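Below is one structure; the comments refer to it alone.
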There are 2 protein chains.
Amino acid sequence: MNNQEKLEDILFYSLERSIKSYRQFAQQQLIKHHFDITIDQWLLLKTIRDNPEQTQQQIAQTIFKDFASVTRIVELLVEKKYIIRSQHPTDRRRFKLKLADSAEKLLSIMQPIIESNRKTALKGISEQQILQFQQVLNLIYNNCKS
Amino acid sequence: MNNQEKLEDILFYSLERSIKSYRQFAQQQLIKHHFDITIDQWLLLKTIRDNPEQTQQQIAQTIFKDFASVTRIVELLVEKKYIIRSQHPTDRRRFKLKLADSAEKLLSIMQPIIESNRKTALKGISEQQILQFQQVLNLIYNNCKS
DNA sequence: GCTACTTTATTGATATATCAATTATATTTG
DNA sequence: CAAATATAATTGATATATCAATAAAGTAGC
């Protein structure tokens with residue numbers, strides 16, 4: 001009668017634990033350097049810079065978030081004046097989202113910190129291990145996506 | 001002037017993507033089988049069953065959640081009558097948390113679904129790959145934990 | 001036994017996740 | 001063209017994450 005599996009043996013428990021510790025660590029680094037945005041807000045800014053023509057729904061797909069979350073994160077970034085939101089020229093349902101200069105600058109000065117965070121998190125892990133790790137991640141993703 | 005790294009190349013992007021697709025898949029399976037709790041609520045019930053003597057703070061550490069989140073999840077589970085909360089016999093700051101019979105039963109009937117979810121998510125991934133994967137997860141965790 | 005400190009839990013505020021419902025606009029189709 | 005359908009975004013409700021402040025009870029040192 002032992003269905004009392006141990007948490008530590010559960011792969012997805014380790015997965016949650018690792019991603020959470022990374023997120024906390026990375027967010028703390030941002031705070032320590034006095035950046036006034038969250039990791040998620042950073043990701044959204046980056047996505048808009050990479051491809052300013054996306055609809056919010058496309059952005060949501062790209063950064064793997066809900067439409068509603070994107071709406072709210074955009075809202076916050078418009079308030080913080082990192083995003084300029086204007087009417088889309090041809091489709092009145094949409095908005096044109098553009099990074100403000102302040103956001104371009106912010107992304108630039110954040111970049112070294114972001115890279116250093118990743119480096120710290122992956123310390124002692126070989127290229128080879130990382131490649132295999134990423135393969136497994138992709139397999140899991142493909143097994144679970146709807 | 002190319003600091004426009006591609007999202008798909010970022011390991012932690014893949015990590016987020018995989019864990020989110022797994023969580024969504026697993027939660028959908030619970031809904032499909034008409035279970036009325038979330039994955040997180042399940043995890044908390046399981047932890048209490050494994051070790052009923054834990055304080056809420058210890059539970060939080062175990063399942064890698066914030067104290068405040070544990071308070072609120074416990075609240076919901078008490079409302080749903082899956083947890084019986086009573087005064088701790090010797091320490092009046094604490095509560096004694098006990099699974100209701102209904103929760104024991106729920107955990108039992110959920111177990112096969114949970115296991116099948118994991119199996120689906122890990123389909124086509126060898127034991128060997130999983131072990132190495134878990135090693136990398138632990139390295140990341142240790143690199144990031146404070 | 002009093003004071004300072006620590007521990008346990010709750011609460012409030014804000015950010016994000018998810019689902020469902022709604023609004024406005026565009027597109028398709030008969 | 002009008003009606004049906006699809007798309008883009010928002011909003012509301014509930015769950016969870018995080019930080020800070022608070023309250024209550026326990027413990028240690030004097």
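In the structure tokens, the first chain shown is A, the next is B, and so on; residue numbers restart at 1 for each chain, and ligands run from 1 in the order shown.
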- Message: Excluding Met110 (chain B) and its own-chain neighbours fewer than 2 positions away, which residues fall within 9 Å of it when counting only C-alpha atoms (C1' of nucleotides)? Please give them as number ranges by chain.
- Response: B: 30, 33, 35, 42, 105-108, 112-115
Next, the residues of the selection above should be written as a tab-separated table (two decimals), in the first residue's frame with all heavy atoms.
chain	number	residue	atom	x	y	z
B	30	LEU	N	-6.89	16.99	-15.53
B	30	LEU	CA	-7.65	16.99	-14.27
B	30	LEU	C	-9.08	17.46	-14.52
B	30	LEU	O	-10.04	16.87	-14.05
B	30	LEU	CB	-6.99	17.89	-13.23
B	30	LEU	CG	-5.60	17.49	-12.73
B	30	LEU	CD1	-5.25	18.23	-11.45
B	30	LEU	CD2	-5.48	15.99	-12.53
B	33	HIS	N	-11.21	14.93	-16.24
B	33	HIS	CA	-11.67	13.86	-15.36
B	33	HIS	C	-12.52	14.38	-14.20
B	33	HIS	O	-12.77	13.66	-13.24
B	33	HIS	CB	-10.48	13.06	-14.84
B	33	HIS	CG	-9.83	12.20	-15.87
B	33	HIS	ND1	-8.87	12.67	-16.73
B	33	HIS	CD2	-10.02	10.89	-16.22
B	33	HIS	CE1	-8.48	11.69	-17.54
B	33	HIS	NE2	-9.17	10.61	-17.26
B	35	PHE	N	-11.99	16.47	-11.81
B	35	PHE	CA	-11.45	16.71	-10.47
B	35	PHE	C	-11.57	18.19	-10.19
B	35	PHE	O	-11.37	19.02	-11.08
B	35	PHE	CB	-9.99	16.26	-10.40
B	35	PHE	CG	-9.82	14.78	-10.59
B	35	PHE	CD1	-8.98	14.27	-11.55
B	35	PHE	CD2	-10.53	13.89	-9.79
B	35	PHE	CE1	-8.83	12.90	-11.73
B	35	PHE	CE2	-10.40	12.52	-9.96
B	35	PHE	CZ	-9.55	12.03	-10.93
B	42	TRP	N	-3.36	19.93	-5.42
B	42	TRP	CA	-3.01	18.51	-5.33
B	42	TRP	C	-1.66	18.34	-4.63
B	42	TRP	O	-1.52	17.50	-3.73
B	42	TRP	CB	-2.94	17.89	-6.73
B	42	TRP	CG	-2.35	16.53	-6.75
B	42	TRP	CD1	-2.99	15.35	-6.45
B	42	TRP	CD2	-0.98	16.17	-7.02
B	42	TRP	NE1	-2.11	14.30	-6.54
B	42	TRP	CE2	-0.87	14.77	-6.88
B	42	TRP	CE3	0.15	16.91	-7.36
B	42	TRP	CZ2	0.32	14.09	-7.08
B	42	TRP	CZ3	1.35	16.23	-7.57
B	42	TRP	CH2	1.43	14.85	-7.42
B	105	LYS	N	-9.34	9.91	-0.45
B	105	LYS	CA	-9.97	9.20	-1.56
B	105	LYS	C	-9.63	9.89	-2.89
B	105	LYS	O	-9.28	9.24	-3.87
B	105	LYS	CB	-11.49	9.19	-1.33
B	105	LYS	CG	-12.22	8.14	-2.13
B	105	LYS	CD	-13.69	8.03	-1.71
B	105	LYS	CE	-14.53	7.52	-2.88
B	105	LYS	NZ	-15.91	8.00	-2.84
B	106	LEU	N	-9.72	11.21	-2.87
B	106	LEU	CA	-9.41	11.97	-4.08
B	106	LEU	C	-7.99	11.69	-4.56
B	106	LEU	O	-7.76	11.42	-5.74
B	106	LEU	CB	-9.59	13.47	-3.79
B	106	LEU	CG	-9.39	14.41	-4.98
B	106	LEU	CD1	-10.50	14.23	-5.99
B	106	LEU	CD2	-9.33	15.87	-4.53
B	107	LEU	N	-7.04	11.73	-3.62
B	107	LEU	CA	-5.65	11.48	-4.00
B	107	LEU	C	-5.52	10.09	-4.63
B	107	LEU	O	-4.80	9.93	-5.62
B	107	LEU	CB	-4.73	11.60	-2.78
B	107	LEU	CG	-4.45	13.02	-2.28
B	107	LEU	CD1	-3.50	12.99	-1.10
B	107	LEU	CD2	-3.87	13.89	-3.39
B	108	SER	N	-6.20	9.13	-4.06
B	108	SER	CA	-6.12	7.77	-4.61
B	108	SER	C	-6.62	7.71	-6.05
B	108	SER	O	-5.95	7.16	-6.92
B	108	SER	CB	-6.96	6.79	-3.79
B	108	SER	OG	-6.43	6.68	-2.51
B	112	PRO	N	-3.62	7.55	-10.64
B	112	PRO	CA	-3.38	6.99	-11.99
B	112	PRO	C	-3.35	8.06	-13.08
B	112	PRO	O	-2.56	7.95	-14.03
B	112	PRO	CB	-4.55	6.04	-12.21
B	112	PRO	CG	-5.23	5.89	-10.91
B	112	PRO	CD	-4.79	6.96	-9.99
B	113	ILE	N	-4.18	9.07	-12.93
B	113	ILE	CA	-4.21	10.14	-13.94
B	113	ILE	C	-2.89	10.91	-13.92
B	113	ILE	O	-2.28	11.19	-14.95
B	113	ILE	CB	-5.37	11.14	-13.66
B	113	ILE	CG1	-6.68	10.41	-13.42
B	113	ILE	CG2	-5.49	12.14	-14.79
B	113	ILE	CD1	-7.16	9.59	-14.57
B	114	ILE	N	-2.46	11.25	-12.70
B	114	ILE	CA	-1.19	11.97	-12.55
B	114	ILE	C	-0.06	11.17	-13.19
B	114	ILE	O	0.76	11.72	-13.94
B	114	ILE	CB	-0.87	12.16	-11.04
B	114	ILE	CG1	-2.00	12.93	-10.34
B	114	ILE	CG2	0.48	12.81	-10.85
B	114	ILE	CD1	-1.98	14.40	-10.52
B	115	GLU	N	-0.04	9.88	-12.92
B	115	GLU	CA	1.04	9.05	-13.47
B	115	GLU	C	0.96	8.96	-14.98
B	115	GLU	O	1.97	8.98	-15.68
B	115	GLU	CB	1.02	7.66	-12.83
B	115	GLU	CG	1.64	7.69	-11.45
B	115	GLU	CD	1.44	6.39	-10.66
B	115	GLU	OE1	1.16	5.35	-11.29
B	115	GLU	OE2	1.58	6.43	-9.42
### Surrounding residues of DA15 (chain D) excluding itself and chain neighbours under 3 positions, 12 Å, only C-alpha atoms (C1' of nucleotides), as a ChimeraX atom specification
/B:37-41,69-70,72-73,75-76 /C:16-19
Keeping only C-alpha atoms (C1' of nucleotides), write the selected residues as a short mmCIF file (atom, residue, chain, number, x, y, z; two decimals), in the first residue's frame.
data_model
loop_
_atom_site.label_atom_id
_atom_site.label_comp_id
_atom_site.auth_asym_id
_atom_site.auth_seq_id
_atom_site.Cartn_x
_atom_site.Cartn_y
_atom_site.Cartn_z
CA ILE B 37 -8.70 20.88 -7.54
CA THR B 38 -5.70 22.42 -9.25
CA ILE B 39 -2.25 20.90 -9.66
CA ASP B 40 -0.96 23.14 -6.89
CA GLN B 41 -3.77 22.15 -4.54
CA SER B 69 0.52 31.24 -1.23
CA VAL B 70 0.38 28.30 1.15
CA ARG B 72 -4.27 30.90 0.59
CA ILE B 73 -4.17 27.41 -0.92
CA GLU B 75 -7.76 28.31 2.86
CA LEU B 76 -9.27 27.04 -0.40
"C1'" DT C 16 0.87 37.13 -13.70
"C1'" DA C 17 -2.14 32.80 -15.34
"C1'" DT C 18 -6.37 31.06 -16.95
"C1'" DC C 19 -11.06 30.86 -18.41
#
Requested in this report: Restrict the distance test to only C-alpha atoms, flag each residue of chain A within 8 Å of chain B, and return the flagged residues as a ChimeraX atom specification.
Outcome: /A:4,11-12,14-19,21-22,25,50,64,120-125,129-130,132-134,136-141,143-146
- If we count only C-alpha atoms (C1' of nucleotides), which residues of chain B reach to within 9 Å of chain C? Please list them as a count of residues only. 9
Mind checking DSSP for region 3-141 of chain B and telling me the helix (DSSP H, G or I) residues as a ChimeraX atom specification?
-> /B:7-9,11-32,39-50,56-62,67-79,101-121,127-141
Go ahead and write the residues just picked, C-alpha atoms, as a PDB file, in the first residue's frame.
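In the end it all went to selection.pdb:
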ATOM      1  CA  LEU B   7      14.293  33.608 -28.229  1.00  0.00           C
ATOM      2  CA  GLU B   8      14.371  29.991 -29.357  1.00  0.00           C
ATOM      3  CA  ASP B   9      18.077  29.882 -28.621  1.00  0.00           C
ATOM      4  CA  LEU B  11      17.617  27.860 -22.783  1.00  0.00           C
ATOM      5  CA  PHE B  12      15.406  29.396 -20.144  1.00  0.00           C
ATOM      6  CA  TYR B  13      12.844  30.258 -22.767  1.00  0.00           C
ATOM      7  CA  SER B  14      12.616  26.563 -23.708  1.00  0.00           C
ATOM      8  CA  LEU B  15      12.461  25.714 -20.039  1.00  0.00           C
ATOM      9  CA  GLU B  16       9.507  28.033 -19.434  1.00  0.00           C
ATOM     10  CA  ARG B  17       7.808  26.790 -22.547  1.00  0.00           C
ATOM     11  CA  SER B  18       8.096  23.137 -21.558  1.00  0.00           C
ATOM     12  CA  ILE B  19       6.988  23.518 -17.975  1.00  0.00           C
ATOM     13  CA  LYS B  20       4.043  25.666 -19.033  1.00  0.00           C
ATOM     14  CA  SER B  21       2.908  23.232 -21.687  1.00  0.00           C
ATOM     15  CA  TYR B  22       3.164  20.419 -19.149  1.00  0.00           C
ATOM     16  CA  ARG B  23       1.204  22.332 -16.525  1.00  0.00           C
ATOM     17  CA  GLN B  24      -1.508  23.219 -19.010  1.00  0.00           C
ATOM     18  CA  PHE B  25      -1.711  19.672 -20.264  1.00  0.00           C
ATOM     19  CA  ALA B  26      -1.827  18.211 -16.762  1.00  0.00           C
ATOM     20  CA  GLN B  27      -4.430  20.710 -15.573  1.00  0.00           C
ATOM     21  CA  GLN B  28      -6.591  19.994 -18.615  1.00  0.00           C
ATOM     22  CA  GLN B  29      -6.452  16.285 -17.820  1.00  0.00           C
ATOM     23  CA  LEU B  30      -7.651  16.989 -14.273  1.00  0.00           C
ATOM     24  CA  ILE B  31     -10.534  19.058 -15.610  1.00  0.00           C
ATOM     25  CA  LYS B  32     -11.383  16.395 -18.171  1.00  0.00           C
ATOM     26  CA  ILE B  39      -2.255  20.903  -9.657  1.00  0.00           C
ATOM     27  CA  ASP B  40      -0.964  23.137  -6.887  1.00  0.00           C
ATOM     28  CA  GLN B  41      -3.770  22.149  -4.544  1.00  0.00           C
ATOM     29  CA  TRP B  42      -3.007  18.512  -5.328  1.00  0.00           C
ATOM     30  CA  LEU B  43       0.651  19.065  -4.469  1.00  0.00           C
ATOM     31  CA  LEU B  44      -0.261  20.616  -1.151  1.00  0.00           C
ATOM     32  CA  LEU B  45      -2.632  17.779  -0.223  1.00  0.00           C
ATOM     33  CA  LYS B  46       0.050  15.274  -1.114  1.00  0.00           C
ATOM     34  CA  THR B  47       2.616  17.048   1.040  1.00  0.00           C
ATOM     35  CA  ILE B  48       0.325  17.092   4.049  1.00  0.00           C
ATOM     36  CA  ARG B  49      -0.383  13.399   3.637  1.00  0.00           C
ATOM     37  CA  ASP B  50       3.329  12.647   3.395  1.00  0.00           C
ATOM     38  CA  GLN B  56       2.832  25.793   6.882  1.00  0.00           C
ATOM     39  CA  GLN B  57       6.234  27.353   6.462  1.00  0.00           C
ATOM     40  CA  GLN B  58       7.835  23.951   6.128  1.00  0.00           C
ATOM     41  CA  ILE B  59       5.175  23.004   3.609  1.00  0.00           C
ATOM     42  CA  ALA B  60       5.990  26.143   1.663  1.00  0.00           C
ATOM     43  CA  GLN B  61       9.646  25.166   1.552  1.00  0.00           C
ATOM     44  CA  THR B  62       8.844  21.616   0.562  1.00  0.00           C
ATOM     45  CA  PHE B  67       4.248  31.343   2.732  1.00  0.00           C
ATOM     46  CA  ALA B  68       1.429  33.586   1.588  1.00  0.00           C
ATOM     47  CA  SER B  69       0.520  31.244  -1.232  1.00  0.00           C
ATOM     48  CA  VAL B  70       0.376  28.296   1.147  1.00  0.00           C
ATOM     49  CA  THR B  71      -1.937  30.205   3.474  1.00  0.00           C
ATOM     50  CA  ARG B  72      -4.273  30.896   0.590  1.00  0.00           C
ATOM     51  CA  ILE B  73      -4.171  27.409  -0.917  1.00  0.00           C
ATOM     52  CA  VAL B  74      -4.858  25.890   2.517  1.00  0.00           C
ATOM     53  CA  GLU B  75      -7.763  28.310   2.858  1.00  0.00           C
ATOM     54  CA  LEU B  76      -9.272  27.043  -0.396  1.00  0.00           C
ATOM     55  CA  LEU B  77      -8.787  23.414   0.574  1.00  0.00           C
ATOM     56  CA  VAL B  78     -10.410  23.977   3.955  1.00  0.00           C
ATOM     57  CA  GLU B  79     -13.384  25.570   2.182  1.00  0.00           C
ATOM     58  CA  ASP B 101     -11.291  11.200   4.153  1.00  0.00           C
ATOM     59  CA  SER B 102     -12.599  12.772   0.962  1.00  0.00           C
ATOM     60  CA  ALA B 103      -9.102  14.052   0.244  1.00  0.00           C
ATOM     61  CA  GLU B 104      -7.498  10.657   0.856  1.00  0.00           C
ATOM     62  CA  LYS B 105      -9.967   9.201  -1.557  1.00  0.00           C
ATOM     63  CA  LEU B 106      -9.415  11.974  -4.077  1.00  0.00           C
ATOM     64  CA  LEU B 107      -5.652  11.476  -3.996  1.00  0.00           C
ATOM     65  CA  SER B 108      -6.122   7.768  -4.614  1.00  0.00           C
ATOM     66  CA  ILE B 109      -8.338   8.146  -7.623  1.00  0.00           C
ATOM     67  CA  MET B 110      -6.183  10.965  -9.001  1.00  0.00           C
ATOM     68  CA  GLN B 111      -2.949   9.022  -8.766  1.00  0.00           C
ATOM     69  CA  PRO B 112      -3.377   6.987 -11.985  1.00  0.00           C
ATOM     70  CA  ILE B 113      -4.211  10.141 -13.941  1.00  0.00           C
ATOM     71  CA  ILE B 114      -1.189  11.965 -12.548  1.00  0.00           C
ATOM     72  CA  GLU B 115       1.040   9.050 -13.473  1.00  0.00           C
ATOM     73  CA  SER B 116      -0.419   8.809 -16.924  1.00  0.00           C
ATOM     74  CA  ASN B 117       0.164  12.542 -17.418  1.00  0.00           C
ATOM     75  CA  ARG B 118       3.828  12.140 -16.575  1.00  0.00           C
ATOM     76  CA  LYS B 119       4.107   9.146 -18.844  1.00  0.00           C
ATOM     77  CA  THR B 120       2.589  11.046 -21.756  1.00  0.00           C
ATOM     78  CA  ALA B 121       4.847  14.024 -21.165  1.00  0.00           C
ATOM     79  CA  GLU B 127      15.774   6.533 -18.648  1.00  0.00           C
ATOM     80  CA  GLN B 128      19.315   7.644 -19.359  1.00  0.00           C
ATOM     81  CA  GLN B 129      18.169  10.966 -20.826  1.00  0.00           C
ATOM     82  CA  ILE B 130      15.884  11.562 -17.867  1.00  0.00           C
ATOM     83  CA  LEU B 131      18.685  10.980 -15.398  1.00  0.00           C
ATOM     84  CA  GLN B 132      20.972  13.419 -17.174  1.00  0.00           C
ATOM     85  CA  PHE B 133      18.137  15.885 -17.485  1.00  0.00           C
ATOM     86  CA  GLN B 134      17.517  15.737 -13.764  1.00  0.00           C
ATOM     87  CA  GLN B 135      21.218  16.252 -13.094  1.00  0.00           C
ATOM     88  CA  VAL B 136      21.216  19.472 -15.097  1.00  0.00           C
ATOM     89  CA  LEU B 137      18.070  20.624 -13.309  1.00  0.00           C
ATOM     90  CA  ASN B 138      19.771  20.093  -9.981  1.00  0.00           C
ATOM     91  CA  LEU B 139      22.853  21.985 -11.110  1.00  0.00           C
ATOM     92  CA  ILE B 140      20.711  24.935 -12.183  1.00  0.00           C
ATOM     93  CA  TYR B 141      18.854  24.818  -8.897  1.00  0.00           C
TER      94      TYR B 141
END
Practice item. Please indicate the distance in Å from CA of Glu53 (chain B) to CA of Ala100 (chain B), rounded to one decimal place. Key: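 Those two atoms sit 15.2 Å apart.
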task = Specify as a list in words all residues of chain D found within 12 Å of chain A, counting only C-alpha atoms (C1' of nucleotides).
result =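 Here is what falls inside 12 Å: DT7, DA8, DA9, DT10, DT11, DG12, DA17, DT18 and DC19 of chain D.
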Check your understanding: When you draw a straight line from CA of Lys96 (chain B) to C1' of DT27 (chain D), how long is it in Å?
Key ->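 Separating CA of Lys96 (chain B) from C1' of DT27 (chain D) is a distance of 21.1 Å.
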Residues of chain B in strand (DSSP E or B), written as a ChimeraX atom specification
/B:83-87,95-99
